[in-house]
>>> print(open('upload.txt').read())   # compact mmCIF, C-alpha atoms and all ligand atoms
# COMPACT_ATOMS: atom_id res chain seq x y z
CA MET R 159 0.00 0.00 0.00
CA ASP R 160 1.51 3.34 -1.07
CA ALA R 161 1.65 6.24 1.38
CA PRO R 162 -0.81 8.82 0.04
CA PRO R 163 -0.02 12.56 -0.22
CA ALA R 164 -3.43 13.43 1.27
CA LEU R 165 -5.76 11.68 3.69
CA PRO R 166 -9.53 11.82 4.36
CA VAL R 167 -10.13 13.69 7.60
CA VAL R 168 -13.32 13.67 9.70
CA GLU R 169 -12.20 16.36 12.12
CA ILE R 170 -9.22 18.01 13.77
CA PHE R 171 -9.61 19.43 17.24
CA HIS R 172 -7.48 20.50 20.19
CA SER R 173 -8.71 19.17 23.52
CA LEU R 174 -7.53 17.01 26.41
CA GLN R 175 -6.75 13.34 25.98
CA GLY R 176 -9.62 11.71 27.85
CA GLU R 177 -8.45 8.09 27.98
CA GLY R 178 -5.49 5.91 28.79
CA LEU R 179 -2.19 6.68 30.47
CA HIS R 180 -1.98 10.15 28.91
CA ALA R 181 -5.46 11.18 30.10
CA GLY R 182 -5.71 14.78 31.17
CA ARG R 183 -2.98 16.10 28.84
CA SER R 184 -3.42 18.69 26.10
CA ALA R 185 -3.59 17.01 22.70
CA LEU R 186 -4.45 17.68 19.07
CA PHE R 187 -6.72 14.99 17.65
CA VAL R 188 -6.60 14.15 13.95
CA ARG R 189 -9.50 11.83 13.18
CA LEU R 190 -8.91 10.04 9.88
CA ALA R 191 -11.88 8.68 7.97
CA GLY R 192 -12.45 5.06 7.04
CA CYS R 193 -13.21 2.02 9.17
CA THR R 194 -14.38 -1.47 8.25
CA VAL R 195 -13.93 -3.04 11.69
CA GLY R 196 -17.63 -2.64 12.49
CA CYS R 197 -17.91 -2.47 16.29
CA ASP R 198 -21.59 -2.39 17.38
CA TRP R 199 -20.87 0.17 20.11
CA CYS R 200 -18.71 2.47 17.98
CA ASP R 201 -19.20 6.13 18.90
CA THR R 202 -17.64 7.43 15.66
CA LYS R 203 -19.72 5.65 13.01
CA VAL R 204 -19.68 8.91 11.06
CA SER R 205 -16.03 8.12 10.31
CA TRP R 206 -16.70 4.75 8.64
CA PRO R 207 -17.15 5.79 4.99
CA ALA R 208 -13.81 7.30 3.97
CA GLY R 209 -15.27 8.77 0.79
CA HIS R 210 -17.71 10.96 2.74
CA HIS R 211 -14.94 13.13 4.16
CA PRO R 212 -12.66 15.68 2.49
CA GLU R 213 -9.02 14.92 1.88
CA MET R 214 -6.37 17.11 3.44
CA ALA R 215 -2.86 17.41 2.00
CA LEU R 216 -0.09 16.40 4.38
CA PRO R 217 1.48 19.91 4.58
CA GLU R 218 -1.95 21.24 5.57
CA LEU R 219 -2.08 18.71 8.40
CA ALA R 220 1.45 19.63 9.48
CA ALA R 221 0.43 23.31 9.62
CA ALA R 222 -2.48 22.40 11.92
CA VAL R 223 -0.08 20.47 14.17
CA ARG R 224 2.38 23.38 14.35
CA GLU R 225 -0.46 25.75 15.24
CA ALA R 226 -1.70 23.40 17.99
CA GLY R 227 1.84 23.11 19.37
CA GLU R 228 2.02 26.89 19.64
CA ALA R 229 -1.36 26.81 21.42
CA GLY R 230 -0.10 24.31 24.01
CA ALA R 231 -0.81 20.83 22.66
CA ALA R 232 1.64 18.34 24.17
CA PHE R 233 1.22 15.69 21.47
CA VAL R 234 -0.82 14.66 18.43
CA VAL R 235 -3.24 11.72 18.45
CA ILE R 236 -3.84 10.09 15.07
CA THR R 237 -7.16 8.34 15.51
CA GLY R 238 -10.19 7.35 13.48
CA GLY R 239 -11.95 5.47 12.15
CA GLU R 240 -9.14 2.99 11.81
CA PRO R 241 -6.09 5.06 10.89
CA LEU R 242 -4.01 2.07 9.80
CA HIS R 243 -6.43 1.38 6.94
CA HIS R 244 -4.12 4.02 5.38
CA ASN R 245 -0.36 3.81 4.97
CA LEU R 246 0.84 6.42 7.49
CA ASP R 247 4.54 6.55 6.48
CA ALA R 248 4.29 9.84 4.61
CA LEU R 249 1.99 11.41 7.21
CA CYS R 250 4.45 10.67 10.02
CA GLU R 251 7.39 11.93 7.97
CA GLU R 252 5.55 15.18 7.32
CA LEU R 253 4.43 15.61 10.93
CA ALA R 254 7.86 14.78 12.34
CA GLY R 255 8.97 18.28 11.36
CA ALA R 256 6.11 19.88 13.27
CA GLY R 257 7.72 19.20 16.62
CA LEU R 258 5.10 17.26 18.61
CA PRO R 259 5.23 13.59 19.67
CA LEU R 260 2.95 11.38 17.59
CA HIS R 261 0.47 9.02 19.22
CA LEU R 262 -1.62 6.41 17.41
CA GLU R 263 -4.93 4.86 18.45
CA THR R 264 -5.66 1.67 16.53
CA SER R 265 -7.52 -1.62 16.62
CA GLY R 266 -4.40 -3.21 15.11
CA VAL R 267 -6.11 -5.13 12.30
CA ASP R 268 -3.81 -3.76 9.57
CA PRO R 269 -0.05 -3.79 9.00
CA LEU R 270 1.77 -1.11 10.98
CA SER R 271 3.00 1.96 9.12
CA GLY R 272 4.45 5.31 10.18
CA ARG R 273 6.67 6.03 13.17
CA PHE R 274 4.96 6.75 16.47
CA ASP R 275 6.13 7.74 19.93
CA TRP R 276 3.15 6.02 21.56
CA ILE R 277 0.77 3.34 20.32
CA THR R 278 -2.55 2.65 22.00
CA LEU R 279 -3.95 -0.68 20.89
CA SER R 280 -7.67 -1.18 21.47
CA PRO R 281 -8.24 -4.73 20.23
CA LYS R 282 -11.64 -6.09 19.19
CA ALA R 283 -12.65 -9.72 19.77
CA HIS R 284 -14.47 -9.97 16.42
CA ARG R 285 -11.41 -8.65 14.48
CA PRO R 286 -8.29 -9.56 16.51
CA PRO R 287 -5.11 -7.51 16.08
CA THR R 288 -1.97 -8.63 14.28
CA PRO R 289 0.96 -10.00 16.33
CA ALA R 290 3.00 -6.99 15.13
CA ALA R 291 0.48 -4.57 16.64
CA LEU R 292 0.44 -6.55 19.89
CA ALA R 293 4.23 -6.51 20.02
CA ALA R 294 4.52 -2.79 19.30
CA CYS R 295 1.83 -1.27 21.52
CA ASP R 296 2.66 0.86 24.56
CA GLU R 297 -0.76 0.47 26.11
CA LEU R 298 -3.38 -2.21 25.64
CA LYS R 299 -6.85 -0.78 26.25
CA VAL R 300 -9.76 -3.21 26.25
CA VAL R 301 -13.36 -1.97 26.31
CA VAL R 302 -15.53 -3.89 28.77
CA HIS R 303 -19.24 -4.48 28.30
CA GLY R 304 -19.55 -8.01 29.75
CA PRO R 305 -17.61 -10.89 31.36
CA ALA R 306 -16.29 -12.20 28.03
CA ASP R 307 -14.37 -8.95 27.60
CA LEU R 308 -12.31 -9.66 30.71
CA ALA R 309 -11.25 -13.06 29.37
CA PHE R 310 -10.45 -11.41 26.03
CA ALA R 311 -8.38 -8.76 27.82
CA GLU R 312 -6.26 -11.40 29.56
CA ALA R 313 -5.82 -13.31 26.30
CA MET R 314 -4.67 -10.12 24.58
CA ALA R 315 -2.23 -9.33 27.39
CA ALA R 316 -0.73 -12.83 27.14
CA GLN R 317 -0.51 -12.59 23.36
CA ALA R 318 1.13 -9.17 23.58
CA GLN R 319 3.77 -10.60 25.87
CA GLN R 320 4.33 -13.59 23.57
CA ALA R 321 4.43 -11.40 20.46
CA ARG R 322 7.22 -9.31 21.99
CA ILE R 323 9.21 -12.43 22.85
CA ASN R 324 8.61 -13.95 19.39
CA GLY R 325 9.77 -10.70 17.84
CA GLY R 326 13.07 -11.15 19.66
CA ASP R 327 12.91 -7.68 21.11
CA PRO R 328 11.03 -7.64 24.40
CA GLY R 329 12.78 -4.35 25.22
CA PRO R 330 13.29 -2.90 28.66
CA ARG R 331 9.59 -3.03 29.54
CA PRO R 332 7.86 -6.31 30.39
CA GLY R 333 4.95 -5.42 28.09
CA PRO R 334 2.36 -2.76 27.44
CA SER R 335 0.44 -1.00 30.20
CA LEU R 336 -2.85 -2.82 30.67
CA LEU R 337 -6.10 -0.88 30.84
CA LEU R 338 -9.75 -1.82 31.14
CA GLN R 339 -12.19 0.79 29.93
CA PRO R 340 -15.91 0.41 30.68
CA GLY R 341 -18.11 0.88 27.64
CA TRP R 342 -19.80 4.26 27.76
CA GLN R 343 -22.98 4.12 29.85
CA SER R 344 -22.52 0.37 30.37
CA ALA R 345 -23.37 -0.22 34.04
CA GLU R 346 -22.29 -3.85 33.76
CA GLY R 347 -19.02 -2.92 32.08
CA GLN R 348 -18.30 -0.35 34.76
CA ALA R 349 -18.99 -2.75 37.64
CA LEU R 350 -16.95 -5.53 36.04
CA ALA R 351 -13.96 -3.33 35.21
CA VAL R 352 -13.83 -1.74 38.67
CA ALA R 353 -14.08 -5.10 40.45
CA TYR R 354 -11.48 -6.68 38.15
CA VAL R 355 -8.94 -3.90 38.55
CA ARG R 356 -9.40 -3.96 42.31
CA SER R 357 -8.33 -7.61 42.44
CA HIS R 358 -5.84 -7.64 39.53
CA PRO R 359 -3.07 -5.11 40.15
CA ALA R 360 -1.51 -5.49 36.70
CA TRP R 361 -4.55 -3.69 35.28
CA ARG R 362 -5.71 -0.14 35.69
CA LEU R 363 -9.00 1.58 34.96
CA SER R 364 -9.35 3.91 31.97
CA LEU R 365 -12.36 6.22 31.89
CA GLN R 366 -13.57 8.30 28.97
CA SER R 367 -13.10 11.38 31.11
CA HIS R 368 -13.88 13.77 28.24
CA LYS R 369 -17.39 12.29 28.07
CA TRP R 370 -17.88 12.62 31.82
CA LEU R 371 -16.74 16.25 31.52
CA GLY R 372 -18.87 16.91 28.45
CA VAL R 373 -15.91 18.05 26.34
CA ARG R 374 -14.72 16.69 22.99
S1 LIG R 401 -12.39 0.18 15.23
FE1 LIG R 401 -12.89 2.13 16.25
S2 LIG R 401 -13.79 3.42 14.63
FE2 LIG R 401 -13.78 1.33 13.86
S3 LIG R 401 -15.82 0.51 14.36
FE3 LIG R 401 -14.45 -0.06 16.05
S4 LIG R 401 -14.63 1.59 17.59
FE4 LIG R 401 -15.47 2.38 15.60
>>> encode(input="upload.txt", output="structure tokens")
Amino acid sequence: MDAPPALPVVEIFHSLQGEGLHAGRSALFVRLAGCTVGCDWCDTKVSWPAGHHPEMALPELAAAVREAGEAGAAFVVITGGEPLHHNLDALCEELAGAGLPLHLETSGVDPLSGRFDWITLSPKAHRPPTPAALAACDELKVVVHGPADLAFAEAMAAQAQQARINGGDPGPRPGPSLLLQPGWQSAEGQALAVAYVRSHPAWRLSLQSHKWLGVR
């Protein structure tokens, strides 16, 4: 897959990262269009059809990143949709000159592309991630709606560990940070995730704090 000179963009906005280990930090979000993963509970279904969103040239995106950096953004989050449906090599090369660390949020179903300072992998049971994505992620964030999601989370954590070993480069860290995130407005998911984290110290809770705060 060639790295395109322009990408379909749903929205670009400067807010706070609401989720994961970097929650609470100033971030510029670049939401790329296109997703075929098809999660029932997806809160960005508007992003699914890539052709419904305008393309932005890479220098235009870099200009937006530079502007956000001047306004206080600490990093850029490339999200979607599923951003890795696109080859991100050229995007990352272009944004590297804009001076902010690059974060990626992905389901990990596609080959990795681009160079990122932080990768959040949010795997889906119905479309499992590639071993390469499991090996490369910095945080593994599993959405919890029911008990099966906890078993899936443990399976993903074990596979991430194995993928790093198989890759021959486990690195200085034992594996990604492990996070359980209750599905939005899922009372069962919330109760399960809280109880599980309380009794499993390897895991921590991730909340969609931007939604609780009513910000983007
Ligand atoms: S991978 Fe993300 S964008 Fe795609 S359907 Fe699932 S939650 Fe929505």
>>> residues_near_ligand(input="upload.txt", ligand="ligand LIG 401 (chain R)", cutoff="6 Å", atoms="only C-alpha atoms and all ligand atoms", output="ChimeraX atom specification")
/R:193,195-197,200,202-203,238-240,265
>>> write_last_selection(input="upload.txt", atoms="C-alpha atoms", output="short mmCIF file (atom, residue, chain, number, x, y, z; two decimals), keeping the file's coordinate frame")
data_model
loop_
_atom_site.label_atom_id
_atom_site.label_comp_id
_atom_site.auth_asym_id
_atom_site.auth_seq_id
_atom_site.Cartn_x
_atom_site.Cartn_y
_atom_site.Cartn_z
CA CYS R 193 -13.21 2.02 9.17
CA VAL R 195 -13.93 -3.04 11.69
CA GLY R 196 -17.63 -2.64 12.49
CA CYS R 197 -17.91 -2.47 16.29
CA CYS R 200 -18.71 2.47 17.98
CA THR R 202 -17.64 7.43 15.66
CA LYS R 203 -19.72 5.65 13.01
CA GLY R 238 -10.19 7.35 13.48
CA GLY R 239 -11.95 5.47 12.15
CA GLU R 240 -9.14 2.99 11.81
CA SER R 265 -7.52 -1.62 16.62
#
>>> residues_around(input="upload.txt", residues="R:Gln339", least_positions_apart="2", cutoff="8 Å", atoms="only C-alpha atoms", output="list in words")
Lys299, Val300, Val301, Val302, Leu337, Gly341, Gln348, Ala351, Leu363, Ser364, Leu365 and Gln366 of chain R
>>> atom_distance(input="upload.txt", atom1="atom CA of R:Thr278", atom2="atom CA of R:Gly257")
20.2 Å
>>> atom_distance(input="upload.txt", atom1="atom CA of R:Gly333", atom2="atom CA of R:Trp199")
27.6 Å
>>> closest_residue(input="upload.txt", among="R:Pro289, R:Gly178, R:Gly372, R:Gly347", to="R:Gly325", atoms="all atoms listed in the file")
R:Pro289
>>> atom_distance(input="upload.txt", atom1="atom CA of R:Lys369", atom2="atom CA of R:Leu174")
11.1 Å
>>> closest_residue(input="upload.txt", among="R:Leu338, R:Ala306, R:Ile323, R:Leu270", to="R:His284", atoms="only C-alpha atoms")
R:Ala306
>>> residues_around(input="upload.txt", residues="R:Pro286", least_positions_apart="4", cutoff="12 Å", atoms="all atoms listed in the file", output="NGL selection string")
:R and (195 or 197 or 264-268 or 279-282 or 290-292 or 300 or 310-311 or 313-314 or 317-318)
>>> residues_around(input="upload.txt", residues="R:Leu258", least_positions_apart="2", cutoff="9 Å", atoms="all atoms listed in the file", output="number ranges by chain")
R: 223-224, 227, 231-234, 253-256, 260
>>> closest_residue(input="upload.txt", among="R:Ala215, R:Ala185, R:Ala315, R:Ala229", to="R:Pro259", atoms="only C-alpha atoms")
R:Ala185
>>> closest_residue(input="upload.txt", among="R:Leu179, R:Leu216, R:Ile170, R:Cys295", to="R:Leu246", atoms="all atoms listed in the file")
R:Leu216
>>> closest_residue(input="upload.txt", among="R:Gly304, R:Pro241, R:Gly230, R:Pro334", to="R:Leu186", atoms="all atoms listed in the file")
R:Gly230
>>> closest_residue(input="upload.txt", among="R:Ile277, R:Arg362, R:Gly272, R:Leu308", to="R:Glu346", atoms="all atoms listed in the file")
R:Leu308
>>> residues_near_point(input="upload.txt", point="(0.5, 12.8, 7.3)", cutoff="12 Å", atoms="only C-alpha atoms", output="CSV table (one decimal) with C-alpha atoms, in the coordinates of the input")
chain,number,residue,atom,x,y,z
R,161,ALA,CA,1.6,6.2,1.4
R,162,PRO,CA,-0.8,8.8,0.0
R,163,PRO,CA,0.0,12.6,-0.2
R,164,ALA,CA,-3.4,13.4,1.3
R,165,LEU,CA,-5.8,11.7,3.7
R,166,PRO,CA,-9.5,11.8,4.4
R,167,VAL,CA,-10.1,13.7,7.6
R,188,VAL,CA,-6.6,14.2,14.0
R,189,ARG,CA,-9.5,11.8,13.2
R,190,LEU,CA,-8.9,10.0,9.9
R,213,GLU,CA,-9.0,14.9,1.9
R,214,MET,CA,-6.4,17.1,3.4
R,215,ALA,CA,-2.9,17.4,2.0
R,216,LEU,CA,-0.1,16.4,4.4
R,217,PRO,CA,1.5,19.9,4.6
R,218,GLU,CA,-2.0,21.2,5.6
R,219,LEU,CA,-2.1,18.7,8.4
R,220,ALA,CA,1.4,19.6,9.5
R,221,ALA,CA,0.4,23.3,9.6
R,222,ALA,CA,-2.5,22.4,11.9
R,223,VAL,CA,-0.1,20.5,14.2
R,234,VAL,CA,-0.8,14.7,18.4
R,235,VAL,CA,-3.2,11.7,18.4
R,236,ILE,CA,-3.8,10.1,15.1
R,241,PRO,CA,-6.1,5.1,10.9
R,242,LEU,CA,-4.0,2.1,9.8
R,244,HIS,CA,-4.1,4.0,5.4
R,245,ASN,CA,-0.4,3.8,5.0
R,246,LEU,CA,0.8,6.4,7.5
R,247,ASP,CA,4.5,6.6,6.5
R,248,ALA,CA,4.3,9.8,4.6
R,249,LEU,CA,2.0,11.4,7.2
R,250,CYS,CA,4.4,10.7,10.0
R,251,GLU,CA,7.4,11.9,8.0
R,252,GLU,CA,5.6,15.2,7.3
R,253,LEU,CA,4.4,15.6,10.9
R,254,ALA,CA,7.9,14.8,12.3
R,255,GLY,CA,9.0,18.3,11.4
R,256,ALA,CA,6.1,19.9,13.3
R,260,LEU,CA,3.0,11.4,17.6
R,271,SER,CA,3.0,2.0,9.1
R,272,GLY,CA,4.4,5.3,10.2
R,273,ARG,CA,6.7,6.0,13.2
R,274,PHE,CA,5.0,6.8,16.5
>>> decode(input="upload.txt", residues="stretch 181-217 of chain R", atoms="N, CA and C atoms", output="tab-separated table (two decimals), in the first residue's frame")
chain	number	residue	atom	x	y	z
R	181	ALA	N	-4.22	10.44	29.82
R	181	ALA	CA	-5.46	11.18	30.10
R	181	ALA	C	-5.15	12.46	30.86
R	182	GLY	N	-5.85	13.51	30.47
R	182	GLY	CA	-5.71	14.78	31.17
R	182	GLY	C	-4.70	15.72	30.54
R	183	ARG	N	-4.01	15.27	29.48
R	183	ARG	CA	-2.98	16.10	28.84
R	183	ARG	C	-3.54	16.75	27.57
R	184	SER	N	-3.00	17.92	27.28
R	184	SER	CA	-3.42	18.69	26.10
R	184	SER	C	-2.99	17.97	24.82
R	185	ALA	N	-3.91	17.77	23.91
R	185	ALA	CA	-3.59	17.01	22.70
R	185	ALA	C	-4.37	17.53	21.50
R	186	LEU	N	-3.75	17.42	20.34
R	186	LEU	CA	-4.45	17.68	19.07
R	186	LEU	C	-4.89	16.33	18.51
R	187	PHE	N	-6.18	16.22	18.21
R	187	PHE	CA	-6.72	14.99	17.65
R	187	PHE	C	-6.92	15.15	16.15
R	188	VAL	N	-6.38	14.20	15.40
R	188	VAL	CA	-6.60	14.15	13.95
R	188	VAL	C	-7.37	12.86	13.70
R	189	ARG	N	-8.66	13.02	13.38
R	189	ARG	CA	-9.50	11.83	13.18
R	189	ARG	C	-9.59	11.52	11.68
R	190	LEU	N	-8.88	10.45	11.28
R	190	LEU	CA	-8.91	10.04	9.88
R	190	LEU	C	-10.18	9.25	9.58
R	191	ALA	N	-10.65	9.38	8.36
R	191	ALA	CA	-11.88	8.68	7.97
R	191	ALA	C	-11.57	7.29	7.44
R	192	GLY	N	-12.56	6.41	7.56
R	192	GLY	CA	-12.45	5.06	7.04
R	192	GLY	C	-12.33	4.04	8.14
R	193	CYS	N	-13.32	3.15	8.24
R	193	CYS	CA	-13.21	2.02	9.17
R	193	CYS	C	-14.14	0.90	8.71
R	194	THR	N	-13.58	-0.30	8.62
R	194	THR	CA	-14.38	-1.47	8.25
R	194	THR	C	-14.42	-2.49	9.38
R	195	VAL	N	-14.01	-2.08	10.57
R	195	VAL	CA	-13.93	-3.04	11.69
R	195	VAL	C	-15.33	-3.36	12.22
R	196	GLY	N	-16.21	-2.37	12.24
R	196	GLY	CA	-17.63	-2.64	12.49
R	196	GLY	C	-18.00	-2.99	13.91
R	197	CYS	N	-17.52	-2.23	14.89
R	197	CYS	CA	-17.91	-2.47	16.29
R	197	CYS	C	-19.33	-1.94	16.51
R	198	ASP	N	-20.18	-2.78	17.14
R	198	ASP	CA	-21.59	-2.39	17.38
R	198	ASP	C	-21.67	-1.08	18.15
R	199	TRP	N	-20.79	-0.93	19.16
R	199	TRP	CA	-20.87	0.17	20.11
R	199	TRP	C	-20.04	1.37	19.68
R	200	CYS	N	-19.58	1.38	18.45
R	200	CYS	CA	-18.71	2.47	17.98
R	200	CYS	C	-19.39	3.83	18.17
R	201	ASP	N	-18.63	4.78	18.71
R	201	ASP	CA	-19.20	6.13	18.90
R	201	ASP	C	-18.74	7.09	17.80
R	202	THR	N	-18.07	6.57	16.77
R	202	THR	CA	-17.64	7.43	15.66
R	202	THR	C	-18.04	6.80	14.33
R	203	LYS	N	-19.28	6.32	14.26
R	203	LYS	CA	-19.72	5.65	13.01
R	203	LYS	C	-19.69	6.61	11.83
R	204	VAL	N	-19.76	7.91	12.13
R	204	VAL	CA	-19.68	8.91	11.06
R	204	VAL	C	-18.37	8.78	10.29
R	205	SER	N	-17.35	8.22	10.94
R	205	SER	CA	-16.03	8.12	10.31
R	205	SER	C	-15.92	6.92	9.37
R	206	TRP	N	-16.87	6.01	9.38
R	206	TRP	CA	-16.70	4.75	8.64
R	206	TRP	C	-16.50	4.93	7.13
R	207	PRO	N	-17.36	5.69	6.44
R	207	PRO	CA	-17.15	5.79	4.99
R	207	PRO	C	-16.08	6.84	4.64
R	208	ALA	N	-14.93	6.38	4.23
R	208	ALA	CA	-13.81	7.30	3.97
R	208	ALA	C	-14.17	8.32	2.90
R	209	GLY	N	-14.96	7.89	1.90
R	209	GLY	CA	-15.27	8.77	0.79
R	209	GLY	C	-16.20	9.92	1.14
R	210	HIS	N	-16.78	9.90	2.34
R	210	HIS	CA	-17.71	10.96	2.74
R	210	HIS	C	-17.00	12.15	3.37
R	211	HIS	N	-15.68	12.08	3.44
R	211	HIS	CA	-14.94	13.13	4.16
R	211	HIS	C	-13.87	13.73	3.25
R	212	PRO	N	-13.62	15.02	3.38
R	212	PRO	CA	-12.66	15.68	2.49
R	212	PRO	C	-11.22	15.25	2.77
R	213	GLU	N	-10.44	15.25	1.71
R	213	GLU	CA	-9.02	14.92	1.88
R	213	GLU	C	-8.24	16.17	2.25
R	214	MET	N	-7.27	16.01	3.10
R	214	MET	CA	-6.37	17.11	3.44
R	214	MET	C	-4.95	16.73	3.02
R	215	ALA	N	-4.26	17.66	2.39
R	215	ALA	CA	-2.86	17.41	2.00
R	215	ALA	C	-2.00	17.37	3.26
R	216	LEU	N	-0.93	16.58	3.19
R	216	LEU	CA	-0.09	16.40	4.38
R	216	LEU	C	0.51	17.71	4.91
R	217	PRO	N	0.96	18.64	4.03
R	217	PRO	CA	1.48	19.91	4.58
R	217	PRO	C	0.42	20.71	5.33
